[in-house]
Amino acid sequence: MDPKRELTSVDLAALVTELNRYEGAKVDKAYLYGDDLLRLKMRDFDRGRLELLLEVGDIKRAHLAAQEHVPDAPGRPPNFAMMLRNRLNGADFAGVEQYEFDRILTFSFERGDENTKIVVELFGQGNIAVLDETGEVVRSLETVRLKSRTVAPGSQYEYPSSRLDPLTISRDALGRHMDQSDTDVVRTIATQLNLGGLYAEEICTRAGVEKTLDITDASDEDYDKIYDAIVELRHQVRSGEFEPRVYLDDEGAVVDVTPFPLEEHQNEGLDEEAHDSFNDALDDYFFRLDLTADEQEATSNRPDFEEQIAKQQRIIEQQEQAIEGFDEQANEERHRAELLYANYDLVDDVIETIRGAREEGVPWDDIATKLDAGAEQGIPAAEAVKDVDGANGTATIALDDTTVTVDVSMGVEKNADRLYTEAKRIQEKKQGALAAIEDTREELEAAKRRRDEWEADDEDEDEDEDEEPEETDWLSLDSVPVKSTEHWFERFRWFHTSDGYLVVGGRNADQNEELVKKYMSKHDRFFHTQAHGGPVTLLKATGPSEPAQKVDFSEETLREAAQFAVSYSSIWKEGRFADDAYMVEPSQVSKTPESGEYVEKGSFVVRGDRRYFEDIPAKVAVGIQCEDETRVVGGPPSAIETRAETMLTLTPGQYAQNDAAKLCYRRLRERFADKSFVRKIASPDQIQEFLPPGGSDILDD
């Protein structure tokens, strides 16, 4: 028996009952893994942290998960996840509905400024669509344009055509639908009543009606028994009193999960395990379905160094974000203090007005009323006051582009000094965070050393002096370890040539300026295309922190750098397949124009002789590197094929950049046995960073 990989309509009907018990939970954050698994991190005031997993790929599921079953957060949230975070942060979960009897769930979230719905399609190719309050699609994982329906950003979301709901069918309607069939009873229930194969067999077993009975030989009594069995199923689904089961085959592998025991599975002799809730059963089932025997053995024998390293990297990322936040908070406090001095007379007038009223015994509510009246009369000081807080003795004043809260018992100078003091305190917290991040980096390096020592010991034990070591078949490994390091050049376009030299290119005018002014050294090479709109491309002789060194670049390296410059230029968007590029020394590149001329931002003046590379093809490759580091790599095909375990080649074509990235992701994922590895290090957004702007075609079959 093949294991279940998709939830049925009956499963979803039961699941909705349980999930709606968590109404009111608040959303903290959204994560997207690859292009098919969405995770919503929420918190319930009674039950604590909740993790909602919604998957619409090869496996189609929706359920709450235990924290230990939740995958680690991706290093960089893709655009889809960032959009959801902006819309859902702090929102209340307002409930979930199943669309008719279809495999579609609609999750509703409410927030003061905007409400959001997430529609999860757990059928066919699968999809997740995010809708605004009007039902318009804000964004979807997949764009659907069919004659029957459209799911695309900017359009109204359209559900599929209505289907019969067997849980609401009447006895007369059941008879009419059954009579329309020309096959046996079980197939009729599966198709005409939309119950699917498993539950059609279960209905027949519960009703005591022979499955293979021809529909023309079925009697009214048979129909009555079938209807009674469906009514029983309806009661089980809607009552919420479930007895969830996970079913296992003779070898102990999971094969099915249901909200209540099925006589069909009992008759088949399947082992079963009971669970307290259907969510728990679903979580246990899909976790075990994904956990192979090899992974279990590896987990029990080898310390999880990758998890230790990933944990330290997550801490560092959080600390860096906190440091950035400290700078921003300190700047905001200083800005507020400066606004007080810049609007000294106005602020002083507000403070003196409120202070004088309080000294005369005027209640705070009356002060607020008088200020409102003054604002209507156009009095500047009254107009500036947005709120008064009697409990804290403060007034909030609108100054230029922000609001400042002042203590009315103090003058302007003391209020400003208080804000400067707060900024200083925040800066001191930053210093503490900087010290903490250094400690974490040391712990990270220690974890990496322990991993390397463990792996070195393994290699020593396994080494056979009489045989050459076998190359690792990364594509067939059940579990590929993730090994990554952050590099300075990852903000730019980049690749390493076949000879190992780094090539970097600008993504925009600002980066073009930065590359030339900050990173170009005297022994590098500067490349550009004849076409306008190409990136500044540098072939680096040495790294930024290394001493300058003259290098004799091979012809292959030079041509790869030229192809990089051509492929990421404007000719790709124009659909052209080749162009010329030229190379010069850094000393020939200047920002100083000729007299009377102007040099745009991101552009430069090149003087002297140029070496041209003619008719260079516009072609790039994207692939997955497994040796040394695990990451997406992209650039000229001849350079990528030496580094990537597998790759795809692209030319200018019809697929938009984001669609091409999704296609590449799916094809690359299919080539690895460890699908989760590809999801971690090569999401569509990560792949898209290596694709030229404009349409693309994938040459590889």
# chains A, B, ... in the order shown; residues from 1 in each chain; ligands from 1
$ residues_around --residues "segment 367-374 of chain A" --least-positions-apart "3" --cutoff "12 Å" --atoms "only C-alpha atoms" --output "PyMOL selection string"
chain A and resi 350-351+353-364+377-390+393-397
$ write_last_selection --atoms "N, CA, C and O atoms" --output "short mmCIF file (atom, residue, chain, number, x, y, z; two decimals), in the first residue's frame"
data_model
loop_
_atom_site.label_atom_id
_atom_site.label_comp_id
_atom_site.auth_asym_id
_atom_site.auth_seq_id
_atom_site.Cartn_x
_atom_site.Cartn_y
_atom_site.Cartn_z
N VAL A 350 3.22 74.85 24.16
CA VAL A 350 2.37 73.71 24.54
C VAL A 350 2.58 73.35 26.01
O VAL A 350 1.63 73.18 26.78
N ILE A 351 3.86 73.24 26.41
CA ILE A 351 4.16 72.84 27.80
C ILE A 351 3.61 73.87 28.78
O ILE A 351 2.96 73.52 29.79
N THR A 353 1.20 76.04 28.37
CA THR A 353 -0.27 76.07 28.35
C THR A 353 -0.84 74.96 29.23
O THR A 353 -1.74 75.18 30.06
N ILE A 354 -0.33 73.74 29.04
CA ILE A 354 -0.86 72.60 29.81
C ILE A 354 -0.47 72.73 31.28
O ILE A 354 -1.28 72.48 32.20
N ARG A 355 0.79 73.13 31.54
CA ARG A 355 1.23 73.27 32.92
C ARG A 355 0.40 74.34 33.66
O ARG A 355 -0.02 74.14 34.80
N GLY A 356 0.13 75.46 32.99
CA GLY A 356 -0.68 76.52 33.61
C GLY A 356 -2.08 76.05 33.92
O GLY A 356 -2.64 76.36 34.98
N ALA A 357 -2.67 75.27 32.99
CA ALA A 357 -4.02 74.76 33.22
C ALA A 357 -4.04 73.80 34.41
O ALA A 357 -4.97 73.81 35.23
N ARG A 358 -3.02 72.96 34.52
CA ARG A 358 -2.98 72.02 35.64
C ARG A 358 -2.81 72.75 36.97
O ARG A 358 -3.40 72.36 37.98
N GLU A 359 -2.00 73.82 36.97
CA GLU A 359 -1.81 74.59 38.21
C GLU A 359 -3.10 75.26 38.65
O GLU A 359 -3.30 75.51 39.85
N GLU A 360 -4.00 75.52 37.69
CA GLU A 360 -5.30 76.10 38.02
C GLU A 360 -6.33 75.02 38.35
O GLU A 360 -7.50 75.32 38.58
N GLY A 361 -5.90 73.76 38.32
CA GLY A 361 -6.78 72.67 38.70
C GLY A 361 -7.67 72.16 37.58
O GLY A 361 -8.66 71.46 37.84
N VAL A 362 -7.36 72.49 36.35
CA VAL A 362 -8.18 72.02 35.21
C VAL A 362 -7.92 70.52 34.99
O VAL A 362 -6.76 70.10 34.87
N PRO A 363 -8.96 69.69 34.95
CA PRO A 363 -8.77 68.25 34.72
C PRO A 363 -8.14 67.99 33.33
O PRO A 363 -8.31 68.77 32.40
N TRP A 364 -7.47 66.83 33.23
CA TRP A 364 -6.80 66.48 31.96
C TRP A 364 -7.80 66.36 30.82
O TRP A 364 -7.51 66.77 29.69
N GLN A 377 -9.89 76.26 15.83
CA GLN A 377 -9.75 77.70 15.58
C GLN A 377 -8.44 78.04 14.87
O GLN A 377 -8.19 79.20 14.55
N GLY A 378 -7.59 77.01 14.65
CA GLY A 378 -6.35 77.24 13.91
C GLY A 378 -5.19 77.70 14.77
O GLY A 378 -4.21 78.25 14.24
N ILE A 379 -5.25 77.51 16.07
CA ILE A 379 -4.15 77.90 16.96
C ILE A 379 -3.01 76.88 16.78
O ILE A 379 -3.22 75.68 17.01
N PRO A 380 -1.83 77.30 16.34
CA PRO A 380 -0.74 76.36 16.01
C PRO A 380 -0.39 75.40 17.15
O PRO A 380 -0.21 74.20 16.92
N ALA A 381 -0.25 75.91 18.38
CA ALA A 381 0.14 75.04 19.49
C ALA A 381 -0.91 73.96 19.73
O ALA A 381 -0.57 72.80 20.00
N ALA A 382 -2.18 74.33 19.63
CA ALA A 382 -3.24 73.35 19.84
C ALA A 382 -3.29 72.33 18.70
O ALA A 382 -3.53 71.14 18.91
N GLU A 383 -3.07 72.80 17.47
CA GLU A 383 -3.08 71.90 16.32
C GLU A 383 -1.97 70.86 16.43
O GLU A 383 -2.11 69.73 15.95
N ALA A 384 -0.85 71.23 17.04
CA ALA A 384 0.30 70.33 17.10
C ALA A 384 0.09 69.20 18.10
O ALA A 384 0.71 68.14 17.97
N VAL A 385 -0.76 69.42 19.10
CA VAL A 385 -0.95 68.40 20.14
C VAL A 385 -1.87 67.30 19.61
O VAL A 385 -3.01 67.55 19.24
N LYS A 386 -1.36 66.07 19.62
CA LYS A 386 -2.14 64.93 19.13
C LYS A 386 -2.75 64.11 20.27
O LYS A 386 -3.71 63.37 20.04
N ASP A 387 -2.17 64.24 21.48
CA ASP A 387 -2.72 63.46 22.59
C ASP A 387 -2.17 64.02 23.90
O ASP A 387 -1.05 64.54 23.94
N VAL A 388 -2.99 63.95 24.95
CA VAL A 388 -2.52 64.26 26.31
C VAL A 388 -2.81 63.06 27.19
O VAL A 388 -3.87 62.43 27.06
N ASP A 389 -1.86 62.72 28.05
CA ASP A 389 -1.98 61.54 28.90
C ASP A 389 -1.85 61.97 30.35
O ASP A 389 -0.75 62.23 30.85
N GLY A 390 -3.00 62.06 31.02
CA GLY A 390 -2.99 62.52 32.40
C GLY A 390 -2.32 61.54 33.34
O GLY A 390 -1.72 61.93 34.34
N GLY A 393 1.27 62.34 32.73
CA GLY A 393 1.63 63.75 32.69
C GLY A 393 2.39 64.14 31.44
O GLY A 393 3.35 64.90 31.50
N THR A 394 1.97 63.60 30.30
CA THR A 394 2.69 63.86 29.04
C THR A 394 1.76 64.39 27.97
O THR A 394 0.54 64.25 28.06
N ALA A 395 2.37 64.98 26.96
CA ALA A 395 1.65 65.43 25.76
C ALA A 395 2.44 64.95 24.54
O ALA A 395 3.67 65.01 24.53
N THR A 396 1.73 64.48 23.54
CA THR A 396 2.36 64.04 22.30
C THR A 396 2.14 65.12 21.24
O THR A 396 1.00 65.49 20.95
N ILE A 397 3.27 65.59 20.67
CA ILE A 397 3.24 66.73 19.76
C ILE A 397 3.74 66.30 18.39
O ILE A 397 4.75 65.59 18.27
#
$ residues_around --residues "Gly533 of chain A" --least-positions-apart "3" --cutoff "9 Å" --atoms "only C-alpha atoms" --output "CSV table (one decimal) with N, CA and C atoms, in the first residue's frame"
chain,number,residue,atom,x,y,z
A,529,THR,N,30.1,46.1,-21.8
A,529,THR,CA,29.6,45.8,-23.1
A,529,THR,C,29.5,47.0,-23.9
A,569,SER,N,23.7,42.1,-19.2
A,569,SER,CA,23.5,43.5,-19.7
A,569,SER,C,22.0,43.6,-20.2
A,570,SER,N,21.7,44.7,-20.8
A,570,SER,CA,20.4,45.0,-21.3
A,570,SER,C,20.0,44.1,-22.5
A,571,ILE,N,21.0,43.5,-23.2
A,571,ILE,CA,20.7,42.7,-24.4
A,571,ILE,C,19.9,41.5,-24.1
$ residues_around --residues "Arg21 of chain A" --least-positions-apart "6" --cutoff "12 Å" --atoms "only C-alpha atoms" --output "ChimeraX atom specification"
/A:15,44,46-47,64,93-96,240,277,279
$ write_last_selection --atoms "C-alpha atoms" --output "PDB file, in the first residue's frame"
ATOM      1  CA  LEU A  15      -9.278  19.353  10.370  1.00  0.00           C
ATOM      2  CA  ASP A  44      -2.220  31.206  21.579  1.00  0.00           C
ATOM      3  CA  ASP A  46      -3.881  29.415  26.496  1.00  0.00           C
ATOM      4  CA  ARG A  47      -1.782  26.920  24.552  1.00  0.00           C
ATOM      5  CA  LEU A  64      -0.264  22.275  13.410  1.00  0.00           C
ATOM      6  CA  PHE A  93      -6.435  34.154  13.405  1.00  0.00           C
ATOM      7  CA  ALA A  94     -10.161  34.521  12.714  1.00  0.00           C
ATOM      8  CA  GLY A  95     -10.920  30.968  11.558  1.00  0.00           C
ATOM      9  CA  VAL A  96     -10.667  28.579   8.627  1.00  0.00           C
ATOM     10  CA  GLY A 240     -15.392  17.030  16.581  1.00  0.00           C
ATOM     11  CA  SER A 277      -6.030  15.007  18.268  1.00  0.00           C
ATOM     12  CA  ASN A 279      -3.533  17.619  14.290  1.00  0.00           C
TER      13      ASN A 279
END
$ select_by_dssp --residues "segment 45-122 of chain A" --states "alpha helix (DSSP H)" --output "JSON, numbers by chain"
{"A": [79, 80, 81, 82, 83, 84, 85, 86, 87, 88]}
$ write_last_selection --atoms "C-alpha atoms" --output "PDB file, in the first residue's frame"
ATOM      1  CA  ASN A  79       9.630  38.084  -1.113  1.00  0.00           C
ATOM      2  CA  PHE A  80       6.460  36.029  -0.590  1.00  0.00           C
ATOM      3  CA  ALA A  81       7.303  35.521   3.093  1.00  0.00           C
ATOM      4  CA  MET A  82       8.205  39.188   3.568  1.00  0.00           C
ATOM      5  CA  MET A  83       4.878  40.242   2.059  1.00  0.00           C
ATOM      6  CA  LEU A  84       3.030  37.937   4.471  1.00  0.00           C
ATOM      7  CA  ARG A  85       5.006  39.246   7.439  1.00  0.00           C
ATOM      8  CA  ASN A  86       4.008  42.794   6.542  1.00  0.00           C
ATOM      9  CA  ARG A  87       0.338  41.839   6.285  1.00  0.00           C
ATOM     10  CA  LEU A  88       0.046  39.346   9.155  1.00  0.00           C
TER      11      LEU A  88
END
$ atom_distance --atom1 "atom CA of Gln688 of chain A" --atom2 "atom CA of Leu663 of chain A"
10.5 Å
$ atom_distance --atom1 "atom CA of Thr592 of chain A" --atom2 "atom CA of Asp580 of chain A"
24.8 Å
$ residues_around --residues "Ser148 of chain A" --least-positions-apart "6" --cutoff "9 Å" --atoms "only C-alpha atoms" --output "PyMOL selection string"
chain A and resi 158+160-161
$ atom_distance --atom1 "atom CA of His69 of chain A" --atom2 "atom CA of Leu38 of chain A"
14.0 Å
$ closest_residue --among "A:Pro652, A:Asp348, A:Asp58, A:Asp615" --to "Arg666 of chain A" --atoms "only C-alpha atoms"
A:Asp58
$ residues_around --residues "Tyr227 of chain A" --least-positions-apart "3" --cutoff "10 Å" --atoms "only C-alpha atoms" --output "PyMOL selection string"
chain A and resi 166-167+169-172+174-175+203+207+221-224+230-233
$ residues_around --residues "segment 514-525 of chain A" --least-positions-apart "6" --cutoff "9 Å" --atoms "only C-alpha atoms" --output "list in words"
Phe492, Val504, Gly505, Gly506, Val536, Thr537, Leu538, Leu539, Lys540, Ala541, Thr542, Gly543, Pro544, Ala548, Gln549, Lys550, Val551, Leu558, Met583, Val584, Glu585, Pro586, Ser587, Val589 and Gly602 of chain A
$ write_last_selection --atoms "N, CA, C and O atoms" --output "tab-separated table (two decimals), in the first residue's frame"
chain	number	residue	atom	x	y	z
A	492	PHE	N	26.57	41.48	-4.60
A	492	PHE	CA	26.68	41.80	-6.02
A	492	PHE	C	26.34	40.56	-6.85
A	492	PHE	O	26.08	39.49	-6.33
A	504	VAL	N	32.96	39.99	-10.17
A	504	VAL	CA	31.81	40.63	-9.53
A	504	VAL	C	31.23	41.68	-10.48
A	504	VAL	O	31.97	42.32	-11.24
A	505	GLY	N	29.91	41.84	-10.42
A	505	GLY	CA	29.23	42.83	-11.26
A	505	GLY	C	28.18	43.57	-10.48
A	505	GLY	O	27.59	43.03	-9.52
A	506	GLY	N	27.90	44.80	-10.88
A	506	GLY	CA	26.89	45.60	-10.19
A	506	GLY	C	25.48	45.23	-10.60
A	506	GLY	O	25.23	44.90	-11.76
A	536	VAL	N	28.88	47.12	-14.45
A	536	VAL	CA	30.33	47.17	-14.26
A	536	VAL	C	30.77	45.77	-13.84
A	536	VAL	O	30.22	45.19	-12.91
A	537	THR	N	31.74	45.22	-14.53
A	537	THR	CA	32.22	43.87	-14.24
A	537	THR	C	33.70	43.91	-13.94
A	537	THR	O	34.49	44.42	-14.75
A	538	LEU	N	34.08	43.40	-12.76
A	538	LEU	CA	35.48	43.37	-12.36
A	538	LEU	C	35.96	41.94	-12.27
A	538	LEU	O	35.33	41.10	-11.61
A	539	LEU	N	37.08	41.65	-12.92
A	539	LEU	CA	37.79	40.39	-12.75
A	539	LEU	C	38.87	40.66	-11.71
A	539	LEU	O	39.83	41.40	-11.96
A	540	LYS	N	38.70	40.07	-10.52
A	540	LYS	CA	39.55	40.40	-9.39
A	540	LYS	C	40.84	39.58	-9.41
A	540	LYS	O	40.82	38.35	-9.53
A	541	ALA	N	41.97	40.28	-9.28
A	541	ALA	CA	43.25	39.60	-9.15
A	541	ALA	C	43.45	39.11	-7.73
A	541	ALA	O	44.00	38.03	-7.50
A	542	THR	N	43.00	39.91	-6.76
A	542	THR	CA	43.11	39.56	-5.35
A	542	THR	C	41.88	40.04	-4.62
A	542	THR	O	41.11	40.86	-5.12
A	543	GLY	N	41.70	39.56	-3.37
A	543	GLY	CA	40.58	39.98	-2.56
A	543	GLY	C	40.82	41.34	-1.95
A	543	GLY	O	41.94	41.86	-1.95
A	544	PRO	N	39.77	41.98	-1.38
A	544	PRO	CA	39.89	43.33	-0.82
A	544	PRO	C	40.93	43.45	0.29
A	544	PRO	O	41.57	44.48	0.44
A	548	ALA	N	47.98	43.74	-3.22
A	548	ALA	CA	47.84	43.77	-4.68
A	548	ALA	C	48.91	42.89	-5.32
A	548	ALA	O	50.07	42.86	-4.89
A	549	GLN	N	48.52	42.16	-6.35
A	549	GLN	CA	49.44	41.22	-7.00
A	549	GLN	C	49.10	41.11	-8.48
A	549	GLN	O	47.94	40.95	-8.84
A	550	LYS	N	50.10	41.22	-9.31
A	550	LYS	CA	49.88	41.13	-10.75
A	550	LYS	C	49.61	39.69	-11.14
A	550	LYS	O	50.27	38.77	-10.65
A	551	VAL	N	48.63	39.49	-12.01
A	551	VAL	CA	48.21	38.15	-12.40
A	551	VAL	C	48.13	38.07	-13.92
A	551	VAL	O	47.66	39.01	-14.58
A	558	LEU	N	39.37	35.24	-19.13
A	558	LEU	CA	38.98	36.53	-19.72
A	558	LEU	C	37.67	36.41	-20.48
A	558	LEU	O	36.79	37.28	-20.39
A	583	MET	N	37.60	45.06	-22.58
A	583	MET	CA	38.33	45.00	-21.32
A	583	MET	C	39.38	46.10	-21.30
A	583	MET	O	40.03	46.37	-22.32
A	584	VAL	N	39.55	46.74	-20.11
A	584	VAL	CA	40.59	47.75	-19.94
A	584	VAL	C	41.23	47.57	-18.56
A	584	VAL	O	40.74	46.83	-17.71
A	585	GLU	N	42.35	48.30	-18.37
A	585	GLU	CA	43.01	48.34	-17.07
A	585	GLU	C	42.25	49.32	-16.15
A	585	GLU	O	41.62	50.27	-16.63
A	586	PRO	N	42.31	49.11	-14.82
A	586	PRO	CA	41.66	50.04	-13.89
A	586	PRO	C	42.11	51.49	-14.07
A	586	PRO	O	41.31	52.41	-13.86
A	587	SER	N	43.36	51.70	-14.45
A	587	SER	CA	43.87	53.07	-14.61
A	587	SER	C	43.19	53.82	-15.74
A	587	SER	O	43.26	55.05	-15.82
A	589	VAL	N	39.94	53.81	-16.22
A	589	VAL	CA	38.55	54.07	-15.82
A	589	VAL	C	38.52	55.31	-14.93
A	589	VAL	O	39.27	55.41	-13.96
A	602	GLY	N	26.70	55.64	-11.86
A	602	GLY	CA	26.89	54.26	-12.27
A	602	GLY	C	27.62	54.10	-13.58
A	602	GLY	O	27.90	52.99	-14.01
$ residues_around --residues "Pro77 of chain A" --least-positions-apart "6" --cutoff "12 Å" --atoms "only C-alpha atoms" --output "list in words"
Lys29, Ala30, Tyr31, Leu32, Tyr33, Gly34, Asp35, Leu38, Arg39, Met83, Leu84, Arg85, Lys680, Ile681, Ser683, Pro684, Asp685 and Gln686 of chain A
$ closest_residue --among "A:Pro617, A:Val257, A:Asp473, A:Gln511" --to "Glu645 of chain A" --atoms "only C-alpha atoms"
A:Asp473
$ closest_residue --among "A:Pro71, A:Gly208, A:Gly112, A:Gly269" --to "Asp290 of chain A" --atoms "only C-alpha atoms"
A:Pro71
$ select_by_dssp --residues "segment 430-659 of chain A" --states "strand (DSSP E or B)" --output "ChimeraX atom specification"
/A:493-496,502-505,525-529,537-539,578-584,589-590,605-606,611-617,620-625,631-635,646-655
$ write_last_selection --atoms "C-alpha atoms" --output "compact mmCIF listing (two decimals), in the first residue's frame"
# COMPACT_ATOMS: atom_id res chain seq x y z
CA ARG A 493 26.38 39.57 -9.04
CA TRP A 494 29.32 37.16 -8.90
CA PHE A 495 30.91 33.89 -9.97
CA HIS A 496 34.29 32.17 -9.86
CA LEU A 502 36.37 36.02 -8.59
CA VAL A 503 34.27 38.10 -10.99
CA VAL A 504 31.81 40.63 -9.53
CA GLY A 505 29.23 42.83 -11.26
CA ARG A 525 40.44 43.96 -15.13
CA PHE A 526 37.41 46.14 -15.97
CA PHE A 527 34.83 44.72 -18.44
CA HIS A 528 31.81 46.32 -20.06
CA THR A 529 29.59 45.77 -23.07
CA THR A 537 32.22 43.87 -14.24
CA LEU A 538 35.48 43.37 -12.36
CA LEU A 539 37.79 40.39 -12.75
CA ALA A 578 25.13 37.83 -28.46
CA ASP A 579 27.04 41.11 -28.18
CA ASP A 580 30.57 42.49 -27.94
CA ALA A 581 32.41 43.27 -24.70
CA TYR A 582 35.65 45.10 -24.02
CA MET A 583 38.33 45.00 -21.32
CA VAL A 584 40.59 47.75 -19.94
CA VAL A 589 38.55 54.07 -15.82
CA SER A 590 37.62 57.53 -14.56
CA VAL A 605 34.67 57.37 -18.69
CA VAL A 606 37.06 54.85 -20.28
CA ARG A 611 40.61 44.89 -26.00
CA TYR A 612 37.40 43.65 -27.61
CA PHE A 613 35.73 40.25 -27.32
CA GLU A 614 33.40 39.92 -30.28
CA ASP A 615 30.11 38.08 -30.65
CA ILE A 616 30.07 36.73 -27.10
CA PRO A 617 26.97 34.52 -26.53
CA VAL A 620 24.18 31.63 -18.20
CA ALA A 621 23.99 28.54 -16.04
CA VAL A 622 22.58 28.06 -12.55
CA GLY A 623 23.45 25.06 -10.44
CA ILE A 624 23.97 23.71 -6.96
CA GLN A 625 27.44 23.44 -5.47
CA ARG A 631 25.00 27.06 -2.28
CA VAL A 632 23.41 28.20 -5.52
CA VAL A 633 25.98 29.27 -8.10
CA GLY A 634 25.43 30.99 -11.42
CA GLY A 635 27.33 32.53 -14.31
CA THR A 646 24.22 19.70 -11.40
CA MET A 647 23.16 22.74 -13.40
CA LEU A 648 20.74 24.21 -15.94
CA THR A 649 21.64 26.43 -18.90
CA LEU A 650 19.53 29.45 -19.91
CA THR A 651 19.32 31.84 -22.85
CA PRO A 652 17.08 34.85 -23.52
CA GLY A 653 13.50 33.59 -23.90
CA GLN A 654 9.84 33.66 -22.89
CA TYR A 655 9.68 32.95 -19.14
